Number of protein chains: 4
Amino acid sequence: MGQRGRKKGAIGEQSRTLLLNIAADEFAHQGYFETKVSTIVSRAGLTQPAFYLYFQSKEAILQELVELFRAKLVELTQKSRLEPGTDLQTIHQSITAGLTTVFRFLHDEPNLTRIGFVVAPEAEEIKKQLVALIKENLTSEQTDGFFHAHLDMDIVAESLVGIIERLTFTKLLNGLKDPESLADEMVRLLLYGMLVDKESAAEKR
Amino acid sequence: MGQRGRKKGAIGEQSRTLLLNIAADEFAHQGYFETKVSTIVSRAGLTQPAFYLYFQSKEAILQELVELFRAKLVELTQKSRLEPGTDLQTIHQSITAGLTTVFRFLHDEPNLTRIGFVVAPEAEEIKKQLVALIKENLTSEQTDGFFHAHLDMDIVAESLVGIIERLTFTKLLNGLKDPESLADEMVRLLLYGMLVDKESAAEKR
Amino acid sequence: MGQRGRKKGAIGEQSRTLLLNIAADEFAHQGYFETKVSTIVSRAGLTQPAFYLYFQSKEAILQELVELFRAKLVELTQKSRLEPGTDLQTIHQSITAGLTTVFRFLHDEPNLTRIGFVVAPEAEEIKKQLVALIKENLTSEQTDGFFHAHLDMDIVAESLVGIIERLTFTKLLNGLKDPESLADEMVRLLLYGMLVDKESAAEKR
Amino acid sequence: MGQRGRKKGAIGEQSRTLLLNIAADEFAHQGYFETKVSTIVSRAGLTQPAFYLYFQSKEAILQELVELFRAKLVELTQKSRLEPGTDLQTIHQSITAGLTTVFRFLHDEPNLTRIGFVVAPEAEEIKKQLVALIKENLTSEQTDGFFHAHLDMDIVAESLVGIIERLTFTKLLNGLKDPESLADEMVRLLLYGMLVDKESAAEKR
DNA sequence: GATGAATGAGGTTTCATTCAT
DNA sequence: CATGAATGAAACCTCATTCAT
């Protein structure tokens with residue numbers, strides 16, 4: 001019960017999943033064009049026609065992986081919606097929490113992440129979606145007066161996504177940083193900026 | 001002058017340059033694998049063998065373009081080195097100037113930019129180089145007490161590169177923003193952060 | 001039985017063998033460079049990719065044929081080892097028998113012969129191997145006092161191989177002579193020389 | 001005066017000869033198909049069109065080299081005609097002298113030799129010609145009773161050519177043997193055979 | 001549920017050769 | 001006497017995809 005009544009048995013589902021996982025690995029590490037269907041099936045211990053039993057084409061299997069990534073990412077980002085009208089500290093924590101969730105997902109799905117951010121033809125579209133969601137979140141805070149009015153929230157949101165992508169690939173996926181500290185550092189940098197307070201700066205001099 | 005003194009005449013050099021430009025365009029818009037030598041030469045009004053008169057292979061011509069990009073980018077970034085020991089305002093201007101220079105280059109060479117940042121197999125390596133140069137610049141300012149001591153300048157540098165890349169593709173190359181304002185907004189965001197001053201914030205509430 | 005147990009079925013093995021035979025024919029008659037993969041597959045009623053289903057490259061299929069030739073030739077030559085310490089007549093017969101065996105093989109595999117002796121890049125190497133084996137055989141007879149001590153058995157062995165190759169192509173493969181008589185004439189010539197006995201010669205004059 | 005009144009000047013003749021020599025070297029060492037016109041001209045410090053100023057095609061230049069070889073070889077072999085009606089020792093010396101002359105030529109023109117014997121499409125034809133000339137020589141001696149009547153002089157002549165070719169490549173061209181000793185050993189082997197004295201032979205029988 | 005066998009389509013690269021100067 | 005520039009023709013090889021079993 002609950003099982004969507006397709007025509008597949010357990011073993012077929014198993015082969016399908018295997019192929020999907022291997023394909024994710026190949027796409028993530030070799031890119032689309034250097035990933036060969038022959039390699040995927042061979043790693044799965046299957047033959048080429050078996051591949052077409054489960055997927056319409058090489059492009060189709062990529063699509064499926066991309067969709068997996070996009071769906072989960074959007075879901076998470078929407079959940080991280082800031083609750084309106086709180087104090088500064090709550091905002092800080094709330095943003096950090098949202099970012100942490102996202103980083104955790106990217107960290108848990110390194111192959112999908114590389115696919116969705118880099119390999120997919122719709123990579124740009126996905127990031128745009130992410131930008132839009134983030135921008136929405138931020139704009140309400142700005143309206144509430146927490147963020148500088150002069151900031152173009154579109155630019156800010158794009159910047160956030162740019163940072164997320166870069167840090168994900170250079171610090172997160174290779175284990176140099178964990179989701180929590182990455183989120184923390186990002187938030188500190190963006191909320192408070194790099195400069196020390198004028199007073200402190202004055203003192204130091 | 002300055003041309004590597006091969007044994008070719010002016011018309012050959014012309015064909016070579018033409019092929020190089022068309023290839024840049026194709027690589028930038030189609031990616032490496034979907035760029036066909038046949039398309040390049042046909043757009044140049046030549047035949048396939050002519051291509052191999054000037055370049056060793058499809059890979060080699062990409063390399064040449066990538067190297068063009070990397071060389072110029074590194075040169076610019078190194079020139080933008082901050083002069084040590086100045087006041088806050090000077091730092092602000094200096095960073096803005098450096099960023100503007102970089103954005104101008106990226107803006108002037110959209111094909112090379114897409115190639116060096118996305119298409120090149122060494123894209124990551126190039127960005128790493130950029131991160132290293134930027135980090136170096138920033139670290140000295142931090143030592144001088146201008147930037148928060150708690151900031152990991154490696155993360156900051158990576159973030160900067162992430163932002164640069166993203167804004168370049170989403171705002172700069174499509175004409176939505178010019179190099180100057182982009183640099184300005186980036187600097188404001190990163191130096192001062194998003195939050196309004198605590199006092200102001202307090203006031204507002 | 002004895003077949004390298006790949007994962008292919010009978011019909012595949014059949015195609016493979018067909019290609020191998022046609023390739024042997026083409027290589028033997030056209031040489032390596034003028035043999036086209038397209039011709040081979042077309043003669044086999046297949047398409048080009050089918051070729052690469054069974055062989056890694058044009059070079060690889062040549063290699064396989066060369067190895068077939070070399071292996072069989074070496075095997076035969078080693079079997080023809082002279083039994084030590086017998087009388088002249090036995091030696092005569094034994095050498096003749098060995099040569100006959102070799103000629104029979106060359107006769108039965110005209111394509112491989114042309115390939116191994118002429119087309120193969122390792123043709124010289126193969127002949128050197130043959131020379132070494134023959135020389136070994138002959139040297140023991142020389143030690144036993146049957147052959148002139150002044151003869152350089154290296155030169156003799158090389159000569160034998162030179163003769164074998166030449167007679168194979170000019171008399172054997174075109175059916176002008178059969179293996180037996182060819183071996184017989186070669187042995188007579190080499191064992192007794194061309195000159196008539198001094199006495200007989202004197203008589204005749 | 002005396003200069004055949006072609007249309008070429010001294011410097012043209014020089015370039016032509018240079019190309020011819022380089023081509024001989026390339027053909028001899030790389031074979032026909034792996035010799036590239038581009039390599040020849042580049043080694044000569046010329047450009048490709050210059051090649052076609054002096055030769056109609058790649059095939060034509062090979063032809064010219066082959067003809068050079070064939071002409072000289074035939075000339076030498078015809079000169080070595082045995083004078084009729086002499087004694088055994090004279091025959092021995094005469095044959096040795098003829099062979100020495102041939103070996104000397106092959107030794108002096110290693111490139112042409114490899115071309116005429118191996119590279120040329122007419123290699124077989126050339127050797128056949130050689131066989132015919134040699135056979136003619138030998139047959140008269142046989143008629144005169146010097147050589148065994150039972151010997152098929154066609155086979156003998158083919159054998160001679162086979163030996164000459166093989167020894168040339170394995171002993172002569174690489175400097176292991178000089179023309180004289182090679183001729184000497186060949187003659188001894190063929191005239192007297194490998195077996196020790198007839199008496200001993202008779203005894204053993 | 002899966003395979004053995006095969007193919008259509010196309011891509012990069014090579015090379016001898018030529019024309020205009 | 002020679003070159004700069006270019007090409008026609010073709011070869012080898014790869015890959016996603018299918019059909020019959």
# chains A, B, ... in the order shown; residues from 1 in each chain; ligands from 1
>>> calpha_fit_rmsd(fixed="chain A", moving="chain D")
1.3 Å
>>> select_by_dssp(residues="stretch 15-193 of chain C", states="alpha helix (DSSP H)", output="JSON, numbers by chain")
{"C": [15, 16, 17, 18, 19, 20, 21, 22, 23, 24, 25, 26, 27, 28, 29, 30, 31, 32, 33, 34, 37, 38, 39, 40, 41, 42, 43, 48, 49, 50, 51, 52, 53, 54, 58, 59, 60, 61, 62, 63, 64, 65, 66, 67, 68, 69, 70, 71, 72, 73, 74, 75, 76, 77, 78, 79, 88, 89, 90, 91, 92, 93, 94, 95, 96, 97, 98, 99, 100, 101, 102, 103, 104, 105, 106, 107, 108, 110, 111, 112, 113, 114, 123, 124, 125, 126, 127, 128, 129, 130, 131, 132, 133, 134, 135, 136, 137, 138, 139, 140, 141, 142, 143, 153, 154, 155, 156, 157, 158, 159, 160, 161, 162, 163, 164, 165, 166, 167, 179, 180, 181, 182, 183, 184, 185, 186, 187, 188, 189, 190, 191, 192]}
>>> write_last_selection(atoms="C-alpha atoms", output="short mmCIF file (atom, residue, chain, number, x, y, z; two decimals), in the first residue's frame")
data_model
loop_
_atom_site.label_atom_id
_atom_site.label_comp_id
_atom_site.auth_asym_id
_atom_site.auth_seq_id
_atom_site.Cartn_x
_atom_site.Cartn_y
_atom_site.Cartn_z
CA SER C 15 31.50 -12.02 -36.79
CA ARG C 16 34.81 -11.64 -35.05
CA THR C 17 36.37 -14.49 -36.95
CA LEU C 18 34.96 -13.24 -40.19
CA LEU C 19 36.48 -9.83 -39.65
CA LEU C 20 39.76 -11.42 -38.69
CA ASN C 21 39.89 -13.48 -41.86
CA ILE C 22 38.95 -10.62 -44.12
CA ALA C 23 41.45 -8.39 -42.40
CA ALA C 24 44.15 -11.01 -42.95
CA ASP C 25 43.29 -11.09 -46.60
CA GLU C 26 43.32 -7.32 -46.94
CA PHE C 27 46.51 -6.83 -44.99
CA ALA C 28 48.24 -9.56 -46.96
CA HIS C 29 47.26 -8.15 -50.29
CA GLN C 30 47.09 -4.41 -49.72
CA GLY C 31 49.51 -3.85 -46.89
CA TYR C 32 48.68 -2.10 -43.66
CA PHE C 33 48.15 1.44 -44.83
CA GLU C 34 46.11 0.64 -47.88
CA VAL C 37 38.65 -0.56 -41.96
CA SER C 38 35.75 0.48 -44.12
CA THR C 39 36.68 -2.15 -46.67
CA ILE C 40 37.01 -4.88 -44.09
CA VAL C 41 33.61 -4.27 -42.53
CA SER C 42 31.95 -3.76 -45.83
CA ARG C 43 33.28 -7.09 -47.09
CA GLN C 48 32.21 0.41 -39.06
CA PRO C 49 31.23 0.44 -35.39
CA ALA C 50 30.91 -3.33 -35.48
CA PHE C 51 34.62 -3.51 -36.11
CA TYR C 52 35.32 -1.72 -32.87
CA LEU C 53 33.04 -4.10 -31.07
CA TYR C 54 35.60 -6.80 -31.59
CA LYS C 58 43.14 -1.26 -36.87
CA GLU C 59 46.55 -1.73 -35.35
CA ALA C 60 45.22 -4.16 -32.78
CA ILE C 61 43.72 -6.51 -35.33
CA LEU C 62 47.00 -6.58 -37.21
CA GLN C 63 48.78 -7.39 -33.98
CA GLU C 64 46.45 -10.26 -33.33
CA LEU C 65 47.16 -11.73 -36.75
CA VAL C 66 50.87 -11.25 -36.36
CA GLU C 67 50.82 -12.99 -33.01
CA LEU C 68 48.90 -15.89 -34.49
CA PHE C 69 51.62 -16.28 -37.08
CA ARG C 70 54.51 -15.88 -34.75
CA ALA C 71 53.20 -18.32 -32.18
CA LYS C 72 52.54 -21.08 -34.69
CA LEU C 73 55.81 -20.55 -36.48
CA VAL C 74 57.87 -20.67 -33.33
CA GLU C 75 56.03 -23.72 -32.13
CA LEU C 76 56.70 -25.59 -35.35
CA THR C 77 60.32 -24.59 -35.49
CA GLN C 78 60.94 -25.67 -31.96
CA LYS C 79 59.32 -29.03 -32.61
CA LEU C 88 74.34 -38.21 -42.13
CA GLN C 89 71.31 -39.65 -43.74
CA THR C 90 69.24 -39.18 -40.66
CA ILE C 91 70.38 -35.59 -40.47
CA HIS C 92 69.44 -35.04 -44.07
CA GLN C 93 66.01 -36.48 -43.51
CA SER C 94 65.50 -34.71 -40.27
CA ILE C 95 66.33 -31.31 -41.71
CA THR C 96 64.15 -31.98 -44.69
CA ALA C 97 61.30 -32.96 -42.44
CA GLY C 98 61.65 -29.79 -40.37
CA LEU C 99 61.71 -27.60 -43.42
CA THR C 100 58.77 -29.40 -44.88
CA THR C 101 56.73 -28.74 -41.79
CA VAL C 102 57.54 -25.05 -41.92
CA PHE C 103 56.78 -24.79 -45.62
CA ARG C 104 53.52 -26.60 -45.09
CA PHE C 105 52.48 -24.10 -42.48
CA LEU C 106 53.44 -21.16 -44.67
CA HIS C 107 51.61 -22.79 -47.52
CA ASP C 108 48.47 -23.34 -45.49
CA PRO C 110 49.43 -17.62 -47.07
CA ASN C 111 47.84 -14.50 -45.64
CA LEU C 112 49.42 -14.86 -42.25
CA THR C 113 52.71 -15.56 -43.93
CA ARG C 114 52.67 -12.40 -45.94
CA ALA C 123 58.54 -8.76 -39.33
CA GLU C 124 62.25 -8.40 -38.78
CA GLU C 125 61.93 -9.44 -35.17
CA ILE C 126 60.04 -12.55 -36.16
CA LYS C 127 62.67 -13.52 -38.66
CA LYS C 128 65.38 -12.92 -36.10
CA GLN C 129 63.60 -15.30 -33.78
CA LEU C 130 63.45 -17.85 -36.55
CA VAL C 131 67.14 -17.39 -37.28
CA ALA C 132 68.03 -17.91 -33.64
CA LEU C 133 66.09 -21.16 -33.41
CA ILE C 134 67.59 -22.50 -36.62
CA LYS C 135 71.07 -21.48 -35.65
CA GLU C 136 70.74 -23.35 -32.40
CA ASN C 137 69.73 -26.48 -34.24
CA LEU C 138 72.56 -26.27 -36.69
CA THR C 139 75.27 -25.45 -34.22
CA SER C 140 74.92 -28.73 -32.39
CA GLU C 141 75.40 -30.63 -35.65
CA GLN C 142 78.44 -28.60 -36.37
CA THR C 143 79.87 -29.43 -32.98
CA MET C 153 76.42 -20.79 -38.42
CA ASP C 154 74.92 -17.37 -37.96
CA ILE C 155 75.41 -16.62 -41.61
CA VAL C 156 74.09 -20.03 -42.51
CA ALA C 157 70.97 -19.57 -40.43
CA GLU C 158 70.35 -16.15 -41.90
CA SER C 159 70.82 -17.61 -45.36
CA LEU C 160 68.33 -20.34 -44.63
CA VAL C 161 65.74 -17.84 -43.54
CA GLY C 162 66.46 -15.68 -46.56
CA ILE C 163 65.94 -18.66 -48.82
CA ILE C 164 62.82 -19.78 -47.02
CA GLU C 165 61.24 -16.38 -47.32
CA ARG C 166 62.11 -15.96 -50.96
CA LEU C 167 61.07 -19.42 -52.08
CA PRO C 179 56.32 -27.92 -49.53
CA GLU C 180 58.00 -31.30 -49.90
CA SER C 181 59.96 -30.71 -53.06
CA LEU C 182 60.91 -27.23 -51.96
CA ALA C 183 62.34 -28.59 -48.73
CA ASP C 184 64.09 -31.31 -50.64
CA GLU C 185 65.77 -28.98 -53.10
CA MET C 186 66.80 -26.56 -50.40
CA VAL C 187 68.41 -29.28 -48.36
CA ARG C 188 70.26 -30.75 -51.30
CA LEU C 189 71.61 -27.39 -52.28
CA LEU C 190 72.72 -26.43 -48.83
CA LEU C 191 74.10 -29.75 -47.68
CA TYR C 192 76.04 -30.75 -50.78
#
>>> residues_around(residues="F:DG8", least_positions_apart="3", cutoff="12 Å", atoms="only C-alpha atoms (C1' of nucleotides)", output="JSON, numbers by chain")
{"B": [47, 48, 49], "E": [15, 16, 17, 18]}
>>> write_last_selection(atoms="C-alpha atoms (C1' of nucleotides)", output="PDB file, in the first residue's frame")
ATOM      1  CA  THR B  47      37.613  24.761 -44.500  1.00  0.00           C
ATOM      2  CA  GLN B  48      38.563  22.365 -41.760  1.00  0.00           C
ATOM      3  CA  PRO B  49      42.217  21.874 -42.631  1.00  0.00           C
TER       4      PRO B  49
ATOM      5  C1'  DC E  15      47.817  14.674 -45.953  1.00  0.00           C
ATOM      6  C1'  DA E  16      48.980  15.349 -50.707  1.00  0.00           C
ATOM      7  C1'  DT E  17      48.282  18.818 -53.582  1.00  0.00           C
ATOM      8  C1'  DT E  18      47.343  23.586 -55.721  1.00  0.00           C
TER       9       DT E  18
END
>>> closest_atom_pairs(of="chain E", to="chain B", cutoff="10 Å", atoms="only C-alpha atoms (C1' of nucleotides)", output="tab-separated table")
residue	atom	partner	partner_atom	distance
E:DG11	C1'	B:Lys36	CA	7.9
E:DT12	C1'	B:Val37	CA	8.0
E:DT13	C1'	B:Ser57	CA	8.2
E:DT14	C1'	B:Pro49	CA	8.6
E:DC15	C1'	B:Pro49	CA	9.7
>>> atom_distance(atom1="atom CA of C:Leu195", atom2="atom CA of D:Ala149")
9.7 Å
>>> closest_residue(among="B:Asn174, B:Leu46, B:Leu151, B:Arg81", to="chain F", atoms="only C-alpha atoms (C1' of nucleotides)")
B:Leu46
>>> interface_residues(of="chain F", to="chain C", cutoff="12 Å", atoms="only C-alpha atoms (C1' of nucleotides)", output="PyMOL selection string")
chain F and resi 10-15
>>> write_last_selection(atoms="C-alpha atoms (C1' of nucleotides)", output="PDB file, in the first residue's frame")
ATOM      1  C1'  DA F  10      39.037  10.639 -46.679  1.00  0.00           C
ATOM      2  C1'  DA F  11      40.388   7.875 -42.591  1.00  0.00           C
ATOM      3  C1'  DC F  12      39.719   6.254 -37.937  1.00  0.00           C
ATOM      4  C1'  DC F  13      37.068   6.131 -34.242  1.00  0.00           C
ATOM      5  C1'  DT F  14      33.112   7.136 -30.659  1.00  0.00           C
ATOM      6  C1'  DC F  15      28.690   7.148 -28.804  1.00  0.00           C
TER       7       DC F  15
END
>>> atom_distance(atom1="atom CA of C:Gly116", atom2="atom CA of D:Glu109")
26.7 Å
>>> residues_around(residues="E:DC19", least_positions_apart="3", cutoff="12 Å", atoms="only C-alpha atoms (C1' of nucleotides)", output="mmCIF file with C-alpha atoms (C1' of nucleotides), in the first residue's frame")
data_model
loop_
_atom_site.group_PDB
_atom_site.id
_atom_site.type_symbol
_atom_site.label_atom_id
_atom_site.label_comp_id
_atom_site.auth_asym_id
_atom_site.auth_seq_id
_atom_site.Cartn_x
_atom_site.Cartn_y
_atom_site.Cartn_z
ATOM 1 C CA PRO D 49 55.010 23.827 -53.157
ATOM 2 C "C1'" DT F 3 56.293 30.855 -50.460
ATOM 3 C "C1'" DG F 4 51.867 31.944 -47.882
ATOM 4 C "C1'" DA F 5 47.526 30.254 -47.680
ATOM 5 C "C1'" DA F 6 44.220 27.087 -48.459
ATOM 6 C "C1'" DT F 7 41.553 22.812 -49.766
#
